[in-house]
>>> print(open('coords_35.txt').read())   # compact mmCIF, C-alpha atoms
# COMPACT_ATOMS: atom_id res chain seq x y z
CA MET Y 1 107.11 -113.40 -105.87
CA PHE Y 2 107.07 -114.51 -109.49
CA GLN Y 3 107.78 -118.10 -110.49
CA LEU Y 4 107.41 -119.68 -113.88
CA SER Y 5 104.77 -122.35 -114.22
CA ALA Y 6 105.84 -125.96 -114.68
CA LYS Y 7 105.37 -125.53 -118.45
CA GLY Y 8 107.35 -122.30 -118.33
CA LEU Y 9 110.23 -123.97 -116.49
CA GLU Y 10 110.18 -126.83 -118.98
CA PHE Y 11 110.33 -124.31 -121.84
CA VAL Y 12 113.29 -122.42 -120.32
CA ASN Y 13 115.19 -125.64 -119.63
CA LYS Y 14 114.67 -126.78 -123.23
CA GLU Y 15 115.94 -123.40 -124.46
CA LEU Y 16 119.00 -123.67 -122.21
CA ALA Y 17 119.78 -127.13 -123.62
CA ARG Y 18 119.14 -126.00 -127.18
CA TYR Y 19 121.94 -123.44 -127.38
CA GLU Y 20 125.69 -123.74 -127.08
CA SER Y 21 125.68 -120.67 -124.83
CA LYS Y 22 122.98 -120.29 -122.20
CA TYR Y 23 123.00 -116.54 -122.89
CA SER Y 24 121.32 -117.31 -126.22
CA ALA Y 25 118.27 -118.53 -124.28
CA ILE Y 26 117.64 -115.14 -122.65
CA ILE Y 27 115.29 -113.69 -125.27
CA PRO Y 28 112.97 -116.72 -125.59
CA SER Y 29 112.96 -117.10 -121.80
CA LEU Y 30 112.00 -113.44 -121.35
CA TYR Y 31 109.17 -113.93 -123.85
CA LYS Y 32 107.87 -116.90 -121.86
CA ALA Y 33 108.13 -115.02 -118.56
CA GLN Y 34 106.34 -111.99 -120.03
CA GLU Y 35 103.62 -114.28 -121.39
CA GLU Y 36 103.06 -115.63 -117.89
CA ASN Y 37 103.51 -112.41 -115.88
CA GLY Y 38 102.35 -109.75 -118.35
CA TRP Y 39 105.54 -107.73 -117.98
CA ILE Y 40 109.19 -108.03 -117.01
CA SER Y 41 109.23 -107.11 -113.33
CA PRO Y 42 112.29 -107.14 -111.06
CA GLU Y 43 110.97 -110.42 -109.64
CA VAL Y 44 110.91 -111.93 -113.15
CA LEU Y 45 114.53 -110.91 -113.70
CA GLU Y 46 115.56 -112.38 -110.36
CA HIS Y 47 113.72 -115.65 -110.99
CA LEU Y 48 115.16 -116.08 -114.50
CA SER Y 49 118.64 -115.35 -113.16
CA LYS Y 50 118.31 -118.19 -110.65
CA VAL Y 51 116.69 -120.63 -113.07
CA MET Y 52 119.12 -119.93 -115.90
CA GLY Y 53 122.28 -119.50 -113.83
CA ILE Y 54 122.98 -116.16 -115.49
CA PRO Y 55 123.78 -112.94 -113.59
CA ILE Y 56 120.71 -110.73 -113.31
CA ALA Y 57 122.58 -107.84 -114.97
CA HIS Y 58 122.90 -109.80 -118.22
CA ILE Y 59 119.19 -110.62 -118.31
CA GLU Y 60 118.27 -107.04 -117.41
CA GLU Y 61 120.50 -105.72 -120.23
CA VAL Y 62 118.49 -107.71 -122.76
CA ALA Y 63 115.12 -106.89 -121.22
CA THR Y 64 115.79 -103.15 -121.21
CA PHE Y 65 117.40 -103.02 -124.66
CA TYR Y 66 114.54 -104.58 -126.61
CA THR Y 67 111.26 -102.70 -126.89
CA MET Y 68 109.12 -105.84 -127.11
CA PHE Y 69 109.59 -106.45 -123.41
CA ASN Y 70 107.22 -104.47 -121.20
CA LYS Y 71 109.04 -102.76 -118.36
CA GLN Y 72 105.82 -101.96 -116.52
CA PRO Y 73 102.36 -103.52 -116.35
CA VAL Y 74 100.25 -103.00 -119.45
CA GLY Y 75 96.56 -103.35 -120.18
CA ARG Y 76 95.01 -106.50 -121.63
CA HIS Y 77 95.49 -104.89 -125.05
CA HIS Y 78 98.79 -103.12 -125.61
CA VAL Y 79 98.19 -100.69 -128.46
CA GLN Y 80 101.46 -99.56 -130.02
CA VAL Y 81 101.14 -96.87 -132.67
CA CYS Y 82 104.05 -96.33 -135.04
CA THR Y 83 105.20 -92.72 -134.71
CA ASN Y 84 108.17 -92.89 -137.03
CA ILE Y 85 108.47 -90.40 -139.88
CA THR Y 86 106.02 -91.82 -142.44
CA CYS Y 87 103.28 -92.65 -139.94
CA SER Y 88 103.78 -89.31 -138.19
CA MET Y 89 103.40 -87.47 -141.48
CA LYS Y 90 100.08 -89.29 -141.97
CA GLY Y 91 98.75 -88.35 -138.52
CA ALA Y 92 99.92 -91.13 -136.18
CA ARG Y 93 100.86 -88.78 -133.34
CA GLU Y 94 97.43 -87.16 -133.49
CA ILE Y 95 95.75 -90.58 -133.53
CA LEU Y 96 97.78 -91.67 -130.49
CA ARG Y 97 96.93 -88.40 -128.71
CA HIS Y 98 93.23 -88.96 -129.53
CA CYS Y 99 93.37 -92.44 -127.96
CA CYS Y 100 94.98 -91.13 -124.79
CA GLU Y 101 92.45 -88.30 -124.50
CA LYS Y 102 89.47 -90.54 -125.23
CA TYR Y 103 90.52 -93.11 -122.62
CA ASN Y 104 91.89 -90.50 -120.19
CA VAL Y 105 95.43 -91.90 -119.90
CA ALA Y 106 98.96 -90.80 -120.64
CA ILE Y 107 101.19 -92.73 -123.00
CA GLY Y 108 102.32 -95.91 -121.27
CA GLU Y 109 99.57 -95.93 -118.62
CA LYS Y 110 96.80 -98.51 -118.28
CA THR Y 111 93.20 -97.40 -118.66
CA ALA Y 112 91.13 -97.40 -115.46
CA ASP Y 113 89.43 -100.65 -116.50
CA GLY Y 114 92.80 -102.28 -117.34
CA ARG Y 115 91.72 -102.79 -120.94
CA PHE Y 116 94.29 -100.71 -122.86
CA THR Y 117 97.77 -99.29 -122.69
CA PHE Y 118 98.76 -96.92 -125.50
CA SER Y 119 102.40 -96.57 -126.51
CA ASN Y 120 104.35 -95.18 -129.40
CA ALA Y 121 106.46 -97.57 -131.43
CA GLU Y 122 109.54 -96.41 -133.28
CA CYS Y 123 108.87 -98.32 -136.51
CA LEU Y 124 106.54 -101.19 -137.31
CA GLY Y 125 107.98 -101.65 -140.80
CA SER Y 126 104.98 -100.92 -142.96
CA CYS Y 127 105.55 -97.39 -144.25
CA ASP Y 128 103.60 -98.02 -147.44
CA THR Y 129 100.44 -98.70 -145.41
CA ALA Y 130 100.86 -95.99 -142.77
CA CYS Y 131 99.50 -95.41 -140.20
CA VAL Y 132 100.20 -98.72 -138.51
CA ALA Y 133 99.37 -100.03 -135.04
CA GLN Y 134 100.32 -103.24 -133.30
CA ILE Y 135 97.89 -104.69 -130.79
CA GLY Y 136 99.31 -107.77 -129.13
CA ASP Y 137 100.90 -109.79 -131.91
CA ASN Y 138 98.69 -108.39 -134.68
CA TYR Y 139 99.34 -105.46 -137.01
CA TYR Y 140 96.68 -103.10 -138.32
CA GLU Y 141 97.47 -100.96 -141.33
CA GLY Y 142 95.85 -98.01 -143.06
CA ILE Y 143 94.62 -96.29 -139.90
CA ASN Y 144 94.12 -92.81 -141.26
CA SER Y 145 91.78 -91.13 -138.81
CA ASP Y 146 90.59 -91.08 -135.23
CA GLY Y 147 87.45 -92.84 -136.50
CA ASP Y 148 89.49 -95.69 -137.99
CA MET Y 149 91.21 -96.20 -134.64
CA ASP Y 150 87.95 -95.95 -132.68
CA ARG Y 151 86.37 -98.64 -134.89
CA LEU Y 152 89.43 -100.85 -134.46
CA LEU Y 153 89.47 -100.50 -130.67
CA GLU Y 154 85.76 -101.37 -130.44
CA LYS Y 155 86.75 -104.91 -131.43
CA PHE Y 156 88.78 -105.26 -128.21
CA LYS Y 157 86.07 -105.24 -125.56
>>> encode(input="coords_35.txt", output="C-alpha cells")
Amino acid sequence: MFQLSAKGLEFVNKELARYESKYSAIIPSLYKAQEENGWISPEVLEHLSKVMGIPIAHIEEVATFYTMFNKQPVGRHHVQVCTNITCSMKGAREILRHCCEKYNVAIGEKTADGRFTFSNAECLGSCDTACVAQIGDNYYEGINSDGDMDRLLEKFK
C-alpha cells in the first residue's frame, strides 16, 4: 500500500493551502507521488484521494490525461523519443526501434535489468534540433543515428 512520506504529505498539504480550489493541487501532488513511487499506481490514486479529499475519479482524470505521469512502472531511466513529424522524418522511429531491439524490449516495457524504459513522445518541442529524446528531466537534441543514441545511453549505467 502506497503512502506519501512525511515530506510528501507536507508538500501536498502546502499545495492544498496554496490554491483557492484544492483541485488545482492535483498536478503538483501527482508529481510528488510519482517522484516517491516511480509511477501513478491505483494505490497512489487512492491515497491522494484520501489525503486531498478529492474523489479518486478527478485525480485519475488528470493522471491519465497528461503524458508526464507514468501509468505503469518504468525503468530507472525513462527514455522518451519524439516521434512527431519532424523527428520521424529524421529517423526517430528507426532510432526508437533500434533501442528496443538492442535492449530486447517492446515500447513501454522495462529492460530486464530495470535500467531503461523506451517510449515514444508526441512532441518534445525542438523540431529545429531533431531528433530529440527526453531522459528523466533532461533533453538531448541532434540524435541522428543509432550510434548517437548508443553513445548517449552509455552515460546511463
>>> residues_near_point(input="coords_35.txt", point="(106.3, -101.7, -129.2)", cutoff="9 Å", atoms="all atoms listed in the file", output="PyMOL selection string")
chain Y and resi 67-70+78-82+119-124+134
>>> residues_around(input="coords_35.txt", residues="Ile40 of chain Y", least_positions_apart="3", cutoff="10 Å", atoms="all atoms listed in the file", output="compact mmCIF listing (two decimals) with C-alpha atoms, keeping the file's coordinate frame")
# COMPACT_ATOMS: atom_id res chain seq x y z
CA LEU Y 30 112.00 -113.44 -121.35
CA TYR Y 31 109.17 -113.93 -123.85
CA ALA Y 33 108.13 -115.02 -118.56
CA GLN Y 34 106.34 -111.99 -120.03
CA GLU Y 35 103.62 -114.28 -121.39
CA GLU Y 36 103.06 -115.63 -117.89
CA ASN Y 37 103.51 -112.41 -115.88
CA GLU Y 43 110.97 -110.42 -109.64
CA VAL Y 44 110.91 -111.93 -113.15
CA LEU Y 45 114.53 -110.91 -113.70
CA GLU Y 60 118.27 -107.04 -117.41
CA ALA Y 63 115.12 -106.89 -121.22
CA THR Y 64 115.79 -103.15 -121.21
CA PHE Y 69 109.59 -106.45 -123.41
CA ASN Y 70 107.22 -104.47 -121.20
CA LYS Y 71 109.04 -102.76 -118.36
CA GLN Y 72 105.82 -101.96 -116.52
CA PRO Y 73 102.36 -103.52 -116.35
>>> closest_residue(input="coords_35.txt", among="Y:Gly91, Y:Gly114, Y:Gly108, Y:Gly125", to="Asp146 of chain Y", atoms="all atoms listed in the file")
Y:Gly91
>>> residues_around(input="coords_35.txt", residues="Phe116 of chain Y", least_positions_apart="6", cutoff="10 Å", atoms="only C-alpha atoms", output="compact mmCIF listing (two decimals) with C-alpha atoms, in the frame of the given file")
# COMPACT_ATOMS: atom_id res chain seq x y z
CA VAL Y 74 100.25 -103.00 -119.45
CA GLY Y 75 96.56 -103.35 -120.18
CA ARG Y 76 95.01 -106.50 -121.63
CA HIS Y 77 95.49 -104.89 -125.05
CA HIS Y 78 98.79 -103.12 -125.61
CA VAL Y 79 98.19 -100.69 -128.46
CA CYS Y 99 93.37 -92.44 -127.96
CA CYS Y 100 94.98 -91.13 -124.79
CA TYR Y 103 90.52 -93.11 -122.62
CA VAL Y 105 95.43 -91.90 -119.90
CA GLY Y 108 102.32 -95.91 -121.27
CA GLU Y 109 99.57 -95.93 -118.62
CA LYS Y 110 96.80 -98.51 -118.28
CA ILE Y 135 97.89 -104.69 -130.79
CA LEU Y 153 89.47 -100.50 -130.67
CA PHE Y 156 88.78 -105.26 -128.21
CA LYS Y 157 86.07 -105.24 -125.56
>>> closest_residue(input="coords_35.txt", among="Y:Arg115, Y:Ala130, Y:Leu9, Y:His98", to="Glu154 of chain Y", atoms="only C-alpha atoms")
Y:Arg115
>>> atom_distance(input="coords_35.txt", atom1="atom CA of Val12 of chain Y", atom2="atom CA of Gly53 of chain Y")
11.5 Å
>>> closest_residue(input="coords_35.txt", among="Y:Asp113, Y:Cys127, Y:Lys90, Y:Asn104", to="Ser145 of chain Y", atoms="all atoms listed in the file")
Y:Lys90
>>> closest_residue(input="coords_35.txt", among="Y:Val132, Y:Leu16, Y:Ala57, Y:Val62", to="Arg93 of chain Y", atoms="all atoms listed in the file")
Y:Val132
>>> closest_residue(input="coords_35.txt", among="Y:Lys7, Y:Lys102, Y:His58, Y:Arg97", to="Lys32 of chain Y", atoms="all atoms listed in the file")
Y:Lys7
>>> atom_distance(input="coords_35.txt", atom1="atom CA of Gln3 of chain Y", atom2="atom CA of Glu20 of chain Y")
25.1 Å
>>> closest_residue(input="coords_35.txt", among="Y:Ser29, Y:Glu46, Y:Pro55, Y:Ile107", to="Asn13 of chain Y", atoms="all atoms listed in the file")
Y:Ser29
>>> residues_around(input="coords_35.txt", residues="His47 of chain Y", least_positions_apart="5", cutoff="10 Å", atoms="only C-alpha atoms", output="PyMOL selection string")
chain Y and resi 1-4+33+41-42+52-53+56
>>> atom_distance(input="coords_35.txt", atom1="atom CA of Tyr66 of chain Y", atom2="atom CA of Ile26 of chain Y")
11.7 Å
>>> decode(input="coords_35.txt", residues="segment 96-109 of chain Y", atoms="all heavy atoms", output="PDB file, in the first residue's frame")
ATOM      1  N   LEU Y  96      14.214   4.640 -32.203  1.00  0.00           N
ATOM      2  CA  LEU Y  96      13.454   4.019 -31.118  1.00  0.00           C
ATOM      3  C   LEU Y  96      13.376   2.504 -31.317  1.00  0.00           C
ATOM      4  O   LEU Y  96      13.578   1.733 -30.376  1.00  0.00           O
ATOM      5  CB  LEU Y  96      12.054   4.627 -31.035  1.00  0.00           C
ATOM      6  CG  LEU Y  96      11.137   4.127 -29.932  1.00  0.00           C
ATOM      7  CD1 LEU Y  96      11.759   4.322 -28.550  1.00  0.00           C
ATOM      8  CD2 LEU Y  96       9.793   4.842 -30.011  1.00  0.00           C
ATOM      9  N   ARG Y  97      13.133   2.074 -32.541  1.00  0.00           N
ATOM     10  CA  ARG Y  97      13.090   0.637 -32.836  1.00  0.00           C
ATOM     11  C   ARG Y  97      14.444  -0.011 -32.541  1.00  0.00           C
ATOM     12  O   ARG Y  97      14.515  -1.085 -31.962  1.00  0.00           O
ATOM     13  CB  ARG Y  97      12.699   0.401 -34.296  1.00  0.00           C
ATOM     14  CG  ARG Y  97      12.457  -1.055 -34.631  1.00  0.00           C
ATOM     15  CD  ARG Y  97      11.939  -1.291 -36.048  1.00  0.00           C
ATOM     16  NE  ARG Y  97      10.977  -0.274 -36.451  1.00  0.00           N
ATOM     17  CZ  ARG Y  97      11.141   0.547 -37.503  1.00  0.00           C
ATOM     18  NH1 ARG Y  97      12.204   0.453 -38.266  1.00  0.00           N
ATOM     19  NH2 ARG Y  97      10.237   1.441 -37.815  1.00  0.00           N
ATOM     20  N   HIS Y  98      15.532   0.664 -32.907  1.00  0.00           N
ATOM     21  CA  HIS Y  98      16.884   0.166 -32.623  1.00  0.00           C
ATOM     22  C   HIS Y  98      17.076  -0.039 -31.123  1.00  0.00           C
ATOM     23  O   HIS Y  98      17.605  -1.069 -30.693  1.00  0.00           O
ATOM     24  CB  HIS Y  98      17.932   1.147 -33.173  1.00  0.00           C
ATOM     25  CG  HIS Y  98      19.307   0.923 -32.631  1.00  0.00           C
ATOM     26  ND1 HIS Y  98      20.125  -0.090 -33.065  1.00  0.00           N
ATOM     27  CD2 HIS Y  98      20.000   1.584 -31.662  1.00  0.00           C
ATOM     28  CE1 HIS Y  98      21.264  -0.053 -32.384  1.00  0.00           C
ATOM     29  NE2 HIS Y  98      21.213   0.960 -31.541  1.00  0.00           N
ATOM     30  N   CYS Y  99      16.648   0.932 -30.324  1.00  0.00           N
ATOM     31  CA  CYS Y  99      16.797   0.824 -28.865  1.00  0.00           C
ATOM     32  C   CYS Y  99      16.035  -0.388 -28.336  1.00  0.00           C
ATOM     33  O   CYS Y  99      16.568  -1.159 -27.530  1.00  0.00           O
ATOM     34  CB  CYS Y  99      16.280   2.086 -28.179  1.00  0.00           C
ATOM     35  SG  CYS Y  99      17.284   3.549 -28.471  1.00  0.00           S
ATOM     36  N   CYS Y 100      14.817  -0.547 -28.787  1.00  0.00           N
ATOM     37  CA  CYS Y 100      14.004  -1.680 -28.319  1.00  0.00           C
ATOM     38  C   CYS Y 100      14.629  -3.011 -28.727  1.00  0.00           C
ATOM     39  O   CYS Y 100      14.659  -3.961 -27.929  1.00  0.00           O
ATOM     40  CB  CYS Y 100      12.583  -1.562 -28.849  1.00  0.00           C
ATOM     41  SG  CYS Y 100      11.652  -0.219 -28.078  1.00  0.00           S
ATOM     42  N   GLU Y 101      15.141  -3.089 -29.948  1.00  0.00           N
ATOM     43  CA  GLU Y 101      15.783  -4.329 -30.398  1.00  0.00           C
ATOM     44  C   GLU Y 101      17.079  -4.592 -29.634  1.00  0.00           C
ATOM     45  O   GLU Y 101      17.329  -5.710 -29.199  1.00  0.00           O
ATOM     46  CB  GLU Y 101      16.051  -4.263 -31.904  1.00  0.00           C
ATOM     47  CG  GLU Y 101      14.782  -4.370 -32.729  1.00  0.00           C
ATOM     48  CD  GLU Y 101      14.994  -4.095 -34.212  1.00  0.00           C
ATOM     49  OE1 GLU Y 101      16.160  -3.836 -34.632  1.00  0.00           O
ATOM     50  OE2 GLU Y 101      13.992  -4.117 -34.956  1.00  0.00           O
ATOM     51  N   LYS Y 102      17.883  -3.557 -29.459  1.00  0.00           N
ATOM     52  CA  LYS Y 102      19.160  -3.723 -28.763  1.00  0.00           C
ATOM     53  C   LYS Y 102      18.967  -4.184 -27.322  1.00  0.00           C
ATOM     54  O   LYS Y 102      19.724  -5.020 -26.828  1.00  0.00           O
ATOM     55  CB  LYS Y 102      19.948  -2.409 -28.779  1.00  0.00           C
ATOM     56  CG  LYS Y 102      21.285  -2.508 -28.070  1.00  0.00           C
ATOM     57  CD  LYS Y 102      22.092  -1.244 -28.186  1.00  0.00           C
ATOM     58  CE  LYS Y 102      23.405  -1.424 -27.436  1.00  0.00           C
ATOM     59  NZ  LYS Y 102      24.317  -0.332 -27.658  1.00  0.00           N
ATOM     60  N   TYR Y 103      17.948  -3.648 -26.649  1.00  0.00           N
ATOM     61  CA  TYR Y 103      17.719  -3.980 -25.242  1.00  0.00           C
ATOM     62  C   TYR Y 103      16.620  -5.031 -25.058  1.00  0.00           C
ATOM     63  O   TYR Y 103      16.228  -5.323 -23.940  1.00  0.00           O
ATOM     64  CB  TYR Y 103      17.415  -2.707 -24.447  1.00  0.00           C
ATOM     65  CG  TYR Y 103      18.633  -1.823 -24.331  1.00  0.00           C
ATOM     66  CD1 TYR Y 103      18.878  -0.807 -25.250  1.00  0.00           C
ATOM     67  CD2 TYR Y 103      19.567  -2.025 -23.313  1.00  0.00           C
ATOM     68  CE1 TYR Y 103      20.008  -0.013 -25.149  1.00  0.00           C
ATOM     69  CE2 TYR Y 103      20.688  -1.232 -23.206  1.00  0.00           C
ATOM     70  CZ  TYR Y 103      20.910  -0.226 -24.134  1.00  0.00           C
ATOM     71  OH  TYR Y 103      22.034   0.560 -24.032  1.00  0.00           O
ATOM     72  N   ASN Y 104      16.149  -5.575 -26.179  1.00  0.00           N
ATOM     73  CA  ASN Y 104      15.195  -6.686 -26.177  1.00  0.00           C
ATOM     74  C   ASN Y 104      13.925  -6.389 -25.377  1.00  0.00           C
ATOM     75  O   ASN Y 104      13.522  -7.156 -24.503  1.00  0.00           O
ATOM     76  CB  ASN Y 104      15.871  -7.966 -25.659  1.00  0.00           C
ATOM     77  CG  ASN Y 104      15.085  -9.203 -26.023  1.00  0.00           C
ATOM     78  OD1 ASN Y 104      14.395  -9.234 -27.036  1.00  0.00           O
ATOM     79  ND2 ASN Y 104      15.175 -10.213 -25.173  1.00  0.00           N
ATOM     80  N   VAL Y 105      13.304  -5.239 -25.667  1.00  0.00           N
ATOM     81  CA  VAL Y 105      12.048  -4.850 -25.028  1.00  0.00           C
ATOM     82  C   VAL Y 105      11.106  -4.263 -26.066  1.00  0.00           C
ATOM     83  O   VAL Y 105      11.534  -3.812 -27.127  1.00  0.00           O
ATOM     84  CB  VAL Y 105      12.245  -3.803 -23.902  1.00  0.00           C
ATOM     85  CG1 VAL Y 105      13.000  -4.374 -22.730  1.00  0.00           C
ATOM     86  CG2 VAL Y 105      12.909  -2.547 -24.418  1.00  0.00           C
ATOM     87  N   ALA Y 106       9.841  -4.247 -25.723  1.00  0.00           N
ATOM     88  CA  ALA Y 106       8.854  -3.537 -26.534  1.00  0.00           C
ATOM     89  C   ALA Y 106       8.721  -2.120 -25.982  1.00  0.00           C
ATOM     90  O   ALA Y 106       9.122  -1.845 -24.843  1.00  0.00           O
ATOM     91  CB  ALA Y 106       7.506  -4.254 -26.463  1.00  0.00           C
ATOM     92  N   ILE Y 107       8.156  -1.251 -26.784  1.00  0.00           N
ATOM     93  CA  ILE Y 107       7.916   0.119 -26.326  1.00  0.00           C
ATOM     94  C   ILE Y 107       7.068   0.075 -25.055  1.00  0.00           C
ATOM     95  O   ILE Y 107       6.065  -0.627 -24.984  1.00  0.00           O
ATOM     96  CB  ILE Y 107       7.223   0.945 -27.425  1.00  0.00           C
ATOM     97  CG1 ILE Y 107       8.204   1.179 -28.575  1.00  0.00           C
ATOM     98  CG2 ILE Y 107       6.701   2.267 -26.880  1.00  0.00           C
ATOM     99  CD1 ILE Y 107       7.606   1.872 -29.775  1.00  0.00           C
ATOM    100  N   GLY Y 108       7.522   0.792 -24.037  1.00  0.00           N
ATOM    101  CA  GLY Y 108       6.803   0.873 -22.772  1.00  0.00           C
ATOM    102  C   GLY Y 108       7.212  -0.155 -21.736  1.00  0.00           C
ATOM    103  O   GLY Y 108       6.822  -0.049 -20.584  1.00  0.00           O
ATOM    104  N   GLU Y 109       8.008  -1.153 -22.130  1.00  0.00           N
ATOM    105  CA  GLU Y 109       8.452  -2.175 -21.173  1.00  0.00           C
ATOM    106  C   GLU Y 109       9.779  -1.779 -20.535  1.00  0.00           C
ATOM    107  O   GLU Y 109      10.565  -1.038 -21.122  1.00  0.00           O
ATOM    108  CB  GLU Y 109       8.657  -3.519 -21.883  1.00  0.00           C
ATOM    109  CG  GLU Y 109       7.412  -4.163 -22.383  1.00  0.00           C
ATOM    110  CD  GLU Y 109       7.691  -5.488 -23.089  1.00  0.00           C
ATOM    111  OE1 GLU Y 109       8.863  -5.815 -23.377  1.00  0.00           O
ATOM    112  OE2 GLU Y 109       6.715  -6.190 -23.346  1.00  0.00           O
TER     113      GLU Y 109
END
